[in-house]
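K.L.:
My file is final32.tsv. It has TSV, C-alpha atoms and all ligand atoms:
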```tsv
chain	number	residue	atom	x	y	z
A	11	MET	CA	33.65	-2.09	-6.72
A	12	ALA	CA	31.45	-2.15	-3.61
A	13	THR	CA	28.76	-4.82	-3.69
A	14	MET	CA	25.57	-5.56	-1.81
A	15	ARG	CA	22.93	-8.26	-1.37
A	16	ALA	CA	19.71	-7.73	-3.33
A	17	ALA	CA	16.58	-9.72	-4.24
A	18	VAL	CA	16.74	-9.89	-8.02
A	19	VAL	CA	14.13	-11.06	-10.55
A	20	ARG	CA	15.87	-12.08	-13.80
A	21	GLU	CA	12.93	-13.86	-15.43
A	22	HIS	CA	9.20	-13.98	-14.74
A	23	GLY	CA	7.66	-16.95	-13.01
A	24	GLY	CA	7.10	-18.65	-9.65
A	25	TYR	CA	8.59	-18.02	-6.22
A	26	ASP	CA	11.96	-19.44	-7.29
A	27	LYS	CA	12.40	-16.53	-9.72
A	28	VAL	CA	13.21	-14.03	-6.96
A	29	ARG	CA	16.71	-14.76	-5.65
A	30	VAL	CA	19.22	-13.05	-3.41
A	31	GLU	CA	22.41	-12.17	-5.28
A	32	ARG	CA	25.48	-10.06	-4.69
A	33	ILE	CA	25.47	-7.17	-7.16
A	34	PRO	CA	27.16	-3.73	-7.46
A	35	ARG	CA	25.99	-1.10	-4.96
A	36	PRO	CA	24.12	1.85	-6.49
A	37	GLU	CA	26.09	5.09	-6.74
A	38	LEU	CA	24.91	8.70	-6.85
A	39	GLU	CA	24.15	9.75	-10.43
A	40	ALA	CA	22.80	13.27	-9.85
A	41	PRO	CA	23.43	16.01	-7.25
A	42	ASP	CA	19.85	15.83	-5.90
A	43	GLU	CA	19.99	12.13	-5.07
A	44	ALA	CA	20.60	10.14	-1.90
A	45	ILE	CA	21.77	6.61	-1.22
A	46	VAL	CA	19.73	4.97	1.54
A	47	ARG	CA	20.96	1.99	3.55
A	48	VAL	CA	17.78	-0.09	3.71
A	49	ALA	CA	16.70	-1.30	7.14
A	50	ALA	CA	13.23	-2.60	6.28
A	51	CYS	CA	11.18	-2.99	3.10
A	52	ALA	CA	7.53	-4.05	3.01
A	53	LEU	CA	6.07	-6.11	0.19
A	54	ASN	CA	3.10	-5.11	-1.93
A	55	ARG	CA	1.10	-6.74	-4.71
A	56	LEU	CA	3.39	-4.83	-7.08
A	57	ASP	CA	6.32	-7.05	-6.09
A	58	LEU	CA	4.29	-10.16	-6.93
A	59	PHE	CA	3.07	-8.70	-10.24
A	60	ALA	CA	6.63	-7.81	-11.25
A	61	ARG	CA	7.85	-11.33	-10.50
A	62	ARG	CA	4.95	-12.96	-12.34
A	63	GLY	CA	5.14	-10.57	-15.31
A	64	LEU	CA	1.52	-9.48	-15.00
A	65	THR	CA	0.06	-7.91	-18.14
A	66	GLY	CA	-3.25	-6.21	-18.83
A	67	PRO	CA	-4.95	-2.81	-18.98
A	68	GLY	CA	-3.10	-0.24	-16.89
A	69	VAL	CA	-0.16	-2.54	-16.10
A	70	ARG	CA	3.28	-1.18	-16.96
A	71	GLY	CA	5.76	-3.90	-17.77
A	72	VAL	CA	8.84	-4.06	-15.55
A	73	HIS	CA	12.33	-4.12	-16.97
A	74	LEU	CA	14.37	-7.25	-16.20
A	75	PRO	CA	16.47	-7.83	-14.28
A	76	SER	CA	14.43	-6.06	-11.62
A	77	ILE	CA	14.93	-5.22	-7.95
A	78	THR	CA	11.49	-4.36	-6.60
A	79	GLY	CA	10.56	-2.98	-3.17
A	80	VAL	CA	8.48	0.21	-2.92
A	81	ASP	CA	8.04	0.63	0.85
A	82	VAL	CA	11.40	1.48	2.37
A	83	ALA	CA	12.72	2.77	5.68
A	84	GLY	CA	16.40	3.10	6.51
A	85	GLU	CA	19.31	5.40	7.09
A	86	VAL	CA	20.79	7.97	4.71
A	87	ASP	CA	24.22	6.72	3.65
A	88	GLU	CA	25.32	9.37	1.20
A	89	VAL	CA	23.87	12.52	-0.41
A	90	GLY	CA	24.57	14.52	-3.57
A	91	SER	CA	26.06	18.01	-3.48
A	92	ALA	CA	22.68	19.75	-3.92
A	93	VAL	CA	20.87	17.91	-1.12
A	94	GLU	CA	19.86	19.99	1.90
A	95	ASN	CA	16.83	18.25	3.43
A	96	VAL	CA	18.67	15.19	4.79
A	97	ALA	CA	22.21	14.25	5.80
A	98	PRO	CA	24.11	10.96	6.20
A	99	GLY	CA	22.97	9.13	9.33
A	100	ASP	CA	19.40	10.47	9.24
A	101	ARG	CA	16.65	7.92	9.77
A	102	VAL	CA	14.21	8.21	6.86
A	103	VAL	CA	11.16	6.70	5.17
A	104	ILE	CA	10.64	6.94	1.41
A	105	TYR	CA	7.68	8.56	-0.36
A	106	PRO	CA	7.70	6.29	-3.41
A	107	SER	CA	5.90	8.48	-5.98
A	108	LEU	CA	8.40	9.93	-8.46
A	109	SER	CA	7.17	12.99	-10.36
A	110	CYS	CA	8.58	15.86	-12.42
A	111	GLY	CA	7.98	18.51	-9.75
A	112	VAL	CA	7.14	21.30	-12.22
A	113	CYS	CA	3.96	20.38	-14.15
A	114	GLU	CA	0.49	21.67	-13.29
A	115	ALA	CA	-0.40	18.51	-11.31
A	116	CYS	CA	2.86	18.65	-9.35
A	117	GLU	CA	2.29	22.37	-8.65
A	118	ARG	CA	-1.05	21.44	-7.10
A	119	GLY	CA	0.68	18.82	-4.97
A	120	GLU	CA	-0.88	15.92	-6.88
A	121	GLN	CA	2.31	14.00	-7.58
A	122	THR	CA	0.51	10.83	-8.67
A	123	MET	CA	-1.37	12.78	-11.38
A	124	CYS	CA	1.93	13.91	-12.96
A	125	ARG	CA	2.18	12.82	-16.58
A	126	ARG	CA	5.71	11.65	-15.82
A	127	TYR	CA	4.58	9.78	-12.68
A	128	ARG	CA	6.70	6.74	-11.92
A	129	ILE	CA	6.88	4.46	-8.91
A	130	PHE	CA	10.12	3.90	-7.01
A	131	GLY	CA	10.67	0.15	-6.83
A	132	GLU	CA	8.51	-0.57	-9.85
A	133	ASP	CA	9.82	1.72	-12.58
A	134	THR	CA	13.25	1.97	-10.89
A	135	ASP	CA	15.32	-0.39	-8.78
A	136	GLY	CA	13.78	-0.47	-5.31
A	137	GLY	CA	14.47	-1.34	-1.70
A	138	LEU	CA	14.74	-5.13	-1.57
A	139	ALA	CA	18.48	-4.61	-1.36
A	140	GLU	CA	20.98	-3.36	1.17
A	141	TYR	CA	21.16	0.04	-0.55
A	142	CYS	CA	18.95	2.02	-2.91
A	143	ARG	CA	19.16	5.32	-4.81
A	144	ILE	CA	16.31	7.88	-4.66
A	145	PRO	CA	15.81	11.63	-5.22
A	146	ALA	CA	16.43	13.13	-1.77
A	147	ARG	CA	13.21	15.15	-1.95
A	148	ASN	CA	11.34	11.82	-1.65
A	149	LEU	CA	12.73	11.26	1.86
A	150	GLU	CA	10.88	12.04	5.10
A	151	ARG	CA	12.68	12.01	8.43
A	152	LEU	CA	11.75	9.26	10.86
A	153	PRO	CA	11.79	9.92	14.63
A	154	GLU	CA	13.69	7.55	16.93
A	155	SER	CA	10.40	6.50	18.52
A	156	VAL	CA	9.17	4.78	15.33
A	157	SER	CA	10.70	1.48	14.23
A	158	PHE	CA	11.97	0.96	10.70
A	159	VAL	CA	9.56	-1.98	10.35
A	160	ASP	CA	6.48	0.07	11.26
A	161	ALA	CA	7.61	2.91	8.99
A	162	ALA	CA	8.18	0.57	6.03
A	163	ALA	CA	4.69	-0.88	6.51
A	164	VAL	CA	3.06	2.51	5.93
A	165	PRO	CA	3.80	4.24	2.59
A	166	VAL	CA	1.81	2.44	-0.12
A	167	ALA	CA	-0.99	0.73	1.78
A	168	ALA	CA	-1.82	3.30	4.47
A	169	THR	CA	-1.33	6.35	2.22
A	170	THR	CA	-3.58	4.86	-0.45
A	171	THR	CA	-6.14	3.94	2.21
A	172	TRP	CA	-6.12	7.42	3.72
A	173	ARG	CA	-6.55	8.93	0.25
A	174	MET	CA	-9.52	6.63	-0.42
A	175	LEU	CA	-11.21	7.62	2.82
A	176	LYS	CA	-10.59	11.31	2.03
A	177	VAL	CA	-11.92	11.21	-1.54
A	178	ALA	CA	-14.95	9.27	-0.27
A	179	GLY	CA	-15.58	12.12	2.20
A	180	LEU	CA	-15.43	10.08	5.41
A	181	LYS	CA	-17.43	11.48	8.34
A	182	PRO	CA	-17.65	10.16	11.93
A	183	THR	CA	-21.31	9.28	11.39
A	184	ASP	CA	-20.61	7.09	8.34
A	185	ARG	CA	-20.96	3.36	8.03
A	186	VAL	CA	-17.96	1.96	6.17
A	187	LEU	CA	-17.64	-1.48	4.55
A	188	VAL	CA	-14.07	-2.72	4.03
A	189	LEU	CA	-13.49	-5.58	1.57
A	190	GLY	CA	-10.25	-7.57	1.63
A	191	ALA	CA	-9.93	-6.40	5.22
A	192	GLY	CA	-7.07	-8.79	6.05
A	193	GLY	CA	-4.72	-7.12	3.56
A	194	GLY	CA	-2.44	-4.11	3.96
A	195	VAL	CA	-5.01	-1.64	2.62
A	196	GLY	CA	-7.96	-3.36	4.25
A	197	SER	CA	-6.47	-3.57	7.74
A	198	ALA	CA	-5.38	0.08	7.54
A	199	ALA	CA	-8.87	1.08	6.37
A	200	VAL	CA	-10.47	-0.63	9.37
A	201	GLN	CA	-8.10	1.16	11.76
A	202	LEU	CA	-8.30	4.60	10.15
A	203	ALA	CA	-12.09	4.59	9.65
A	204	HIS	CA	-12.58	3.36	13.22
A	205	ALA	CA	-10.21	6.03	14.54
A	206	CYS	CA	-12.31	8.68	12.74
A	207	GLY	CA	-15.41	7.44	14.56
A	208	ALA	CA	-17.11	5.53	11.74
A	209	VAL	CA	-18.96	2.23	12.20
A	210	VAL	CA	-16.86	-0.36	10.35
A	211	PHE	CA	-18.02	-3.57	8.68
A	212	ALA	CA	-15.06	-5.72	7.61
A	213	VAL	CA	-15.09	-8.65	5.16
A	214	THR	CA	-12.42	-11.34	5.41
A	215	ARG	CA	-11.95	-15.09	5.63
A	216	GLY	CA	-10.87	-17.28	8.55
A	217	GLN	CA	-11.21	-17.03	12.33
A	218	MET	CA	-7.67	-15.64	12.86
A	219	ARG	CA	-8.48	-12.61	10.70
A	220	VAL	CA	-11.96	-12.20	12.15
A	221	ASP	CA	-10.49	-11.94	15.66
A	222	ALA	CA	-7.68	-9.62	14.55
A	223	LEU	CA	-10.08	-7.25	12.77
A	224	ARG	CA	-12.29	-7.04	15.85
A	225	ARG	CA	-9.23	-5.99	17.84
A	226	LEU	CA	-8.47	-3.30	15.22
A	227	GLY	CA	-11.91	-1.77	15.75
A	228	ALA	CA	-14.30	-3.38	13.27
A	229	GLN	CA	-17.77	-3.41	14.77
A	230	ARG	CA	-18.97	-6.29	12.57
A	231	VAL	CA	-16.62	-8.76	10.89
A	232	ILE	CA	-18.13	-10.86	8.10
A	233	ASP	CA	-16.40	-14.18	7.34
A	234	ARG	CA	-17.07	-14.53	3.62
A	235	ALA	CA	-16.71	-18.31	3.88
A	236	ARG	CA	-19.84	-18.33	6.03
A	237	GLU	CA	-21.90	-15.23	5.17
A	238	ALA	CA	-22.59	-13.04	2.11
A	239	PHE	CA	-21.69	-9.43	2.94
A	240	GLU	CA	-24.52	-8.03	0.82
A	241	ALA	CA	-27.13	-9.81	2.98
A	242	VAL	CA	-25.41	-8.86	6.25
A	243	VAL	CA	-25.15	-5.18	5.29
A	244	ALA	CA	-28.79	-5.09	4.17
A	245	SER	CA	-30.09	-6.67	7.37
A	246	GLU	CA	-27.86	-4.71	9.75
A	247	THR	CA	-28.56	-1.31	8.17
A	248	ASP	CA	-32.32	-1.88	7.83
A	249	GLY	CA	-31.92	-2.05	4.08
A	250	ARG	CA	-30.28	1.37	3.92
A	251	GLY	CA	-26.74	0.29	2.99
A	252	VAL	CA	-23.34	1.74	3.88
A	253	ASP	CA	-22.06	5.22	3.08
A	254	ILE	CA	-18.56	4.20	1.99
A	255	ILE	CA	-16.96	1.03	0.66
A	256	ILE	CA	-13.20	0.53	0.53
A	257	ASN	CA	-12.57	-2.02	-2.21
A	258	PRO	CA	-8.97	-3.05	-2.98
A	259	VAL	CA	-9.96	-6.45	-4.41
A	260	GLY	CA	-12.28	-5.77	-7.37
A	261	GLY	CA	-13.44	-8.74	-9.43
A	262	ASN	CA	-16.74	-10.34	-8.58
A	263	THR	CA	-17.21	-8.24	-5.43
A	264	TRP	CA	-18.28	-5.20	-7.44
A	265	ARG	CA	-21.95	-5.91	-8.12
A	266	SER	CA	-22.74	-6.90	-4.52
A	267	ALA	CA	-20.64	-3.99	-3.25
A	268	ILE	CA	-22.47	-1.43	-5.35
A	269	LYS	CA	-25.83	-2.83	-4.21
A	270	SER	CA	-24.61	-2.50	-0.60
A	271	LEU	CA	-24.09	1.26	-0.97
A	272	ALA	CA	-26.69	3.60	0.49
A	273	MET	CA	-28.34	6.28	-1.63
A	274	GLY	CA	-25.47	8.63	-2.55
A	275	GLY	CA	-22.86	6.16	-1.25
A	276	ARG	CA	-19.27	6.08	-2.52
A	277	MET	CA	-17.04	3.13	-3.36
A	278	ALA	CA	-13.32	3.94	-3.39
A	279	ILE	CA	-11.12	1.56	-5.36
A	280	CYS	CA	-7.36	1.01	-5.51
A	281	GLY	CA	-6.88	-2.47	-6.89
A	282	ALA	CA	-8.12	-5.43	-8.82
A	283	THR	CA	-6.38	-8.31	-7.08
A	284	ILE	CA	-9.13	-10.85	-7.86
A	285	GLY	CA	-10.23	-9.46	-11.24
A	286	ASP	CA	-10.09	-6.36	-13.44
A	287	THR	CA	-13.29	-6.60	-15.50
A	288	PRO	CA	-16.26	-7.04	-13.15
A	289	GLU	CA	-19.88	-7.48	-14.08
A	290	LEU	CA	-21.93	-4.46	-13.06
A	291	SER	CA	-25.22	-2.72	-13.65
A	292	ILE	CA	-24.98	0.91	-14.76
A	293	ARG	CA	-28.51	1.62	-13.52
A	294	GLU	CA	-27.65	0.31	-10.04
A	295	ILE	CA	-24.99	3.04	-9.88
A	296	TYR	CA	-26.56	6.23	-11.20
A	297	GLN	CA	-30.16	5.69	-10.17
A	298	SER	CA	-29.09	5.71	-6.51
A	299	HIS	CA	-26.62	8.62	-6.88
A	300	ARG	CA	-23.77	6.22	-6.17
A	301	GLN	CA	-20.16	7.10	-7.05
A	302	ILE	CA	-17.04	5.10	-7.80
A	303	LEU	CA	-13.76	6.84	-6.96
A	304	GLY	CA	-10.27	5.73	-7.99
A	305	ALA	CA	-7.19	6.25	-5.81
A	306	PRO	CA	-3.98	4.57	-7.00
A	307	MET	CA	-1.89	6.17	-4.21
A	308	GLY	CA	-2.01	9.30	-2.09
A	309	ASN	CA	-0.17	12.56	-2.69
A	310	ARG	CA	2.65	13.90	-0.53
A	311	ALA	CA	0.25	15.67	1.83
A	312	ASP	CA	-1.74	12.45	2.31
A	313	PHE	CA	1.54	10.64	3.08
A	314	ARG	CA	2.57	13.26	5.63
A	315	GLU	CA	-0.81	13.06	7.34
A	316	VAL	CA	-0.46	9.28	7.71
A	317	LEU	CA	3.10	9.68	8.99
A	318	ASP	CA	1.81	12.19	11.52
A	319	LEU	CA	-0.72	9.61	12.76
A	320	LEU	CA	2.09	7.02	12.94
A	321	TYR	CA	4.49	9.35	14.76
A	322	ARG	CA	1.81	10.30	17.31
A	323	GLY	CA	0.95	6.65	17.92
A	324	ALA	CA	-2.58	7.13	16.60
A	325	PHE	CA	-1.99	4.53	13.88
A	326	LYS	CA	0.12	1.37	13.97
A	327	PRO	CA	0.13	-0.77	10.83
A	328	ALA	CA	-0.70	-4.47	11.11
A	329	VAL	CA	2.53	-6.38	10.42
A	330	HIS	CA	2.12	-10.12	9.85
A	331	ALA	CA	5.78	-11.09	9.79
A	332	VAL	CA	9.30	-9.71	9.48
A	333	LEU	CA	11.52	-12.02	7.42
A	334	PRO	CA	15.20	-11.70	6.45
A	335	LEU	CA	16.10	-10.91	2.83
A	336	GLU	CA	17.15	-14.53	2.30
A	337	GLU	CA	13.51	-15.56	2.84
A	338	ILE	CA	12.15	-13.28	0.12
A	339	ALA	CA	10.57	-16.20	-1.77
A	340	GLU	CA	8.68	-17.26	1.38
A	341	ALA	CA	7.57	-13.64	1.86
A	342	HIS	CA	6.17	-13.63	-1.70
A	343	ARG	CA	4.39	-16.90	-0.95
A	344	LEU	CA	2.79	-15.62	2.27
A	345	LEU	CA	1.34	-12.64	0.42
A	346	GLU	CA	0.36	-14.47	-2.76
A	347	GLU	CA	-1.32	-17.38	-0.96
A	348	GLY	CA	-3.32	-14.99	1.21
A	349	GLU	CA	-1.76	-16.31	4.42
A	350	ALA	CA	-0.74	-12.92	5.81
A	351	PHE	CA	-2.75	-10.54	7.95
A	352	GLY	CA	-1.55	-7.03	7.14
A	353	LYS	CA	1.93	-6.34	5.85
A	354	VAL	CA	4.82	-8.70	5.21
A	355	VAL	CA	8.09	-6.87	5.88
A	356	ILE	CA	11.66	-7.78	4.94
A	357	GLY	CA	14.22	-6.82	7.58
A	358	VAL	CA	17.21	-6.10	5.37
A	359	SER	CA	19.87	-5.01	7.87
A	360	GLU	CA	20.36	-5.56	11.62
A	361	ALA	CA	19.12	-2.01	12.10
A	362	GLY	CA	15.68	-3.23	10.95
B	401	ZN	ZN	4.74	16.65	-12.73
```
Mind turning this structure into structure tokens?
P.N.:
Amino acid sequence: MATMRAAVVREHGGYDKVRVERIPRPELEAPDEAIVRVAACALNRLDLFARRGLTGPGVRGVHLPSITGVDVAGEVDEVGSAVENVAPGDRVVIYPSLSCGVCEACERGEQTMCRRYRIFGEDTDGGLAEYCRIPARNLERLPESVSFVDAAAVPVAATTTWRMLKVAGLKPTDRVLVLGAGGGVGSAAVQLAHACGAVVFAVTRGQMRVDALRRLGAQRVIDRAREAFEAVVASETDGRGVDIIINPVGGNTWRSAIKSLAMGGRMAICGATIGDTPELSIREIYQSHRQILGAPMGNRADFREVLDLLYRGAFKPAVHAVLPLEEIAEAHRLLEEGEAFGKVVIGVSEAG
């Protein structure tokens, strides 16, 4: 039996619970599937949650043993008999939302609203391995001009970010506040909002991130160790507030964030990394026509739009580090300890 190296979680716990092992290679199980030889796989909070065994509202438990890894770029190795969109040898990037393809939500192109929605690399074995299995319809071709590392850094973070900016109705005249701006979503939000012409306020911690966010286009970077963003936004918008907030962090940022929104302002949310049950005032929301908009991921069209920006060179994701598979535990640590700026990517094969 052919084998491969993979980062496997057999029990929940600390960094030592994700280990590289040699296990059987996945094989095609249906005619519409493909086997992808993984070149690069970016980490997300999901990988950390799966290792730690996070529980709580809205958290689906992962099956153990688990191979996570949602953001994958690589080369098609093998395809089933019914596959026509890709062929062995094609460079590809994975759209990680798995859906039924036939329900009303899928018909509308809203794959993540499918009642049978699942996430590749969370609900199935993912890409932190030399090979992975995926429905071939989830593959998008990758031009030679784009590296596997840059492609792997895009799917979850940048697609979710683009979706948030779209549902919030971003306009070039808007003022946008980005919380958690040093993360994968946050750094993409700064770049994409800036590219659309908006004035961007970014909140982060530490001089390295402050400097990096200025280079990505943030007009005003707020170091939360030194300044409170609510006061900065109030003083620098003459008390008016910002039109849009991108908030991937949640927790105790909510009340100040909502008060930083202008009349009719929108806060788009995609995560709760520092807390899931914030304190808030209902009156502070509705009395100022403010809206809160959820976006767990983007649909296929959102993903293609972001890929188009990547392929044209209009967007380049911030990549903090590319580590080999053997350093998966260190990659988890970089992300979990908040030491990374942007994405942490695992280069799985030499092709990465
Ligand atoms: Zn469906």
K.L.:
Considering all atoms listed in the file, can you say which of A:Val231, A:Val156, A:Cys280, A:Val164 comes closest to Arg314 (chain A)?
P.N.:
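Closest residue, counting all atoms listed in the file: A:Val164.
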K.L.:
Give as JSON, numbers by chain the residues surrounding ligand ZN 401 (chain B) up to a distance of 7 Å, considering only C-alpha atoms and all ligand atoms.
P.N.:
{"A": [109, 110, 111, 112, 113, 114, 115, 116, 121, 124, 125, 126, 127]}
K.L.:
What does the distance from CA of Ala167 (chain A) to CA of Arg310 (chain A) come to in Å, to one decimal?
P.N.:
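Here the two named atoms are 13.9 Å from each other.
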K.L.:
Go through A:Arg236, A:Arg343, A:Ala50, A:Pro75 one by one, measure the shortest atom-to-atom distance of each to Asp26 (chain A) using all atoms listed in the file, and give the residue with the smallest value.
P.N.:
A:Arg343
K.L.:
Could you pull out every residue with an atom within 9 Å of (11.0, -9.8, 4.6), file coordinates, counting all atoms listed in the file, and send them as a PyMOL selection string?
P.N.:
chain A and resi 50-53+138+331-338+340-342+354-358
K.L.:
Between A:Ala212, A:Ala12, A:Ala235, A:Gly196, single out the one closest to Met174 (chain A), counting all atoms listed in the file.
P.N.:
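Answer, going by the shortest atom-to-atom distance: A:Gly196.
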K.L.:
Work out how far apart CA of Thr287 (chain A) and CA of Gly66 (chain A) are and give it in Å to one decimal.
P.N.:
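Result for CA of Thr287 (chain A) versus CA of Gly66 (chain A): 10.6 Å, one decimal.
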K.L.:
Between CA of Ala222 (chain A) and CA of Pro327 (chain A), what distance in Å does the model show, to one decimal?
P.N.:
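Going from CA of Ala222 (chain A) over to CA of Pro327 (chain A), I get 12.4 Å.
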K.L.:
For Val82 (chain A), which residue out of A:His330, A:Arg32, A:Arg143, A:Arg215 is the nearest one, using all atoms listed in the file?
P.N.:
A:Arg143
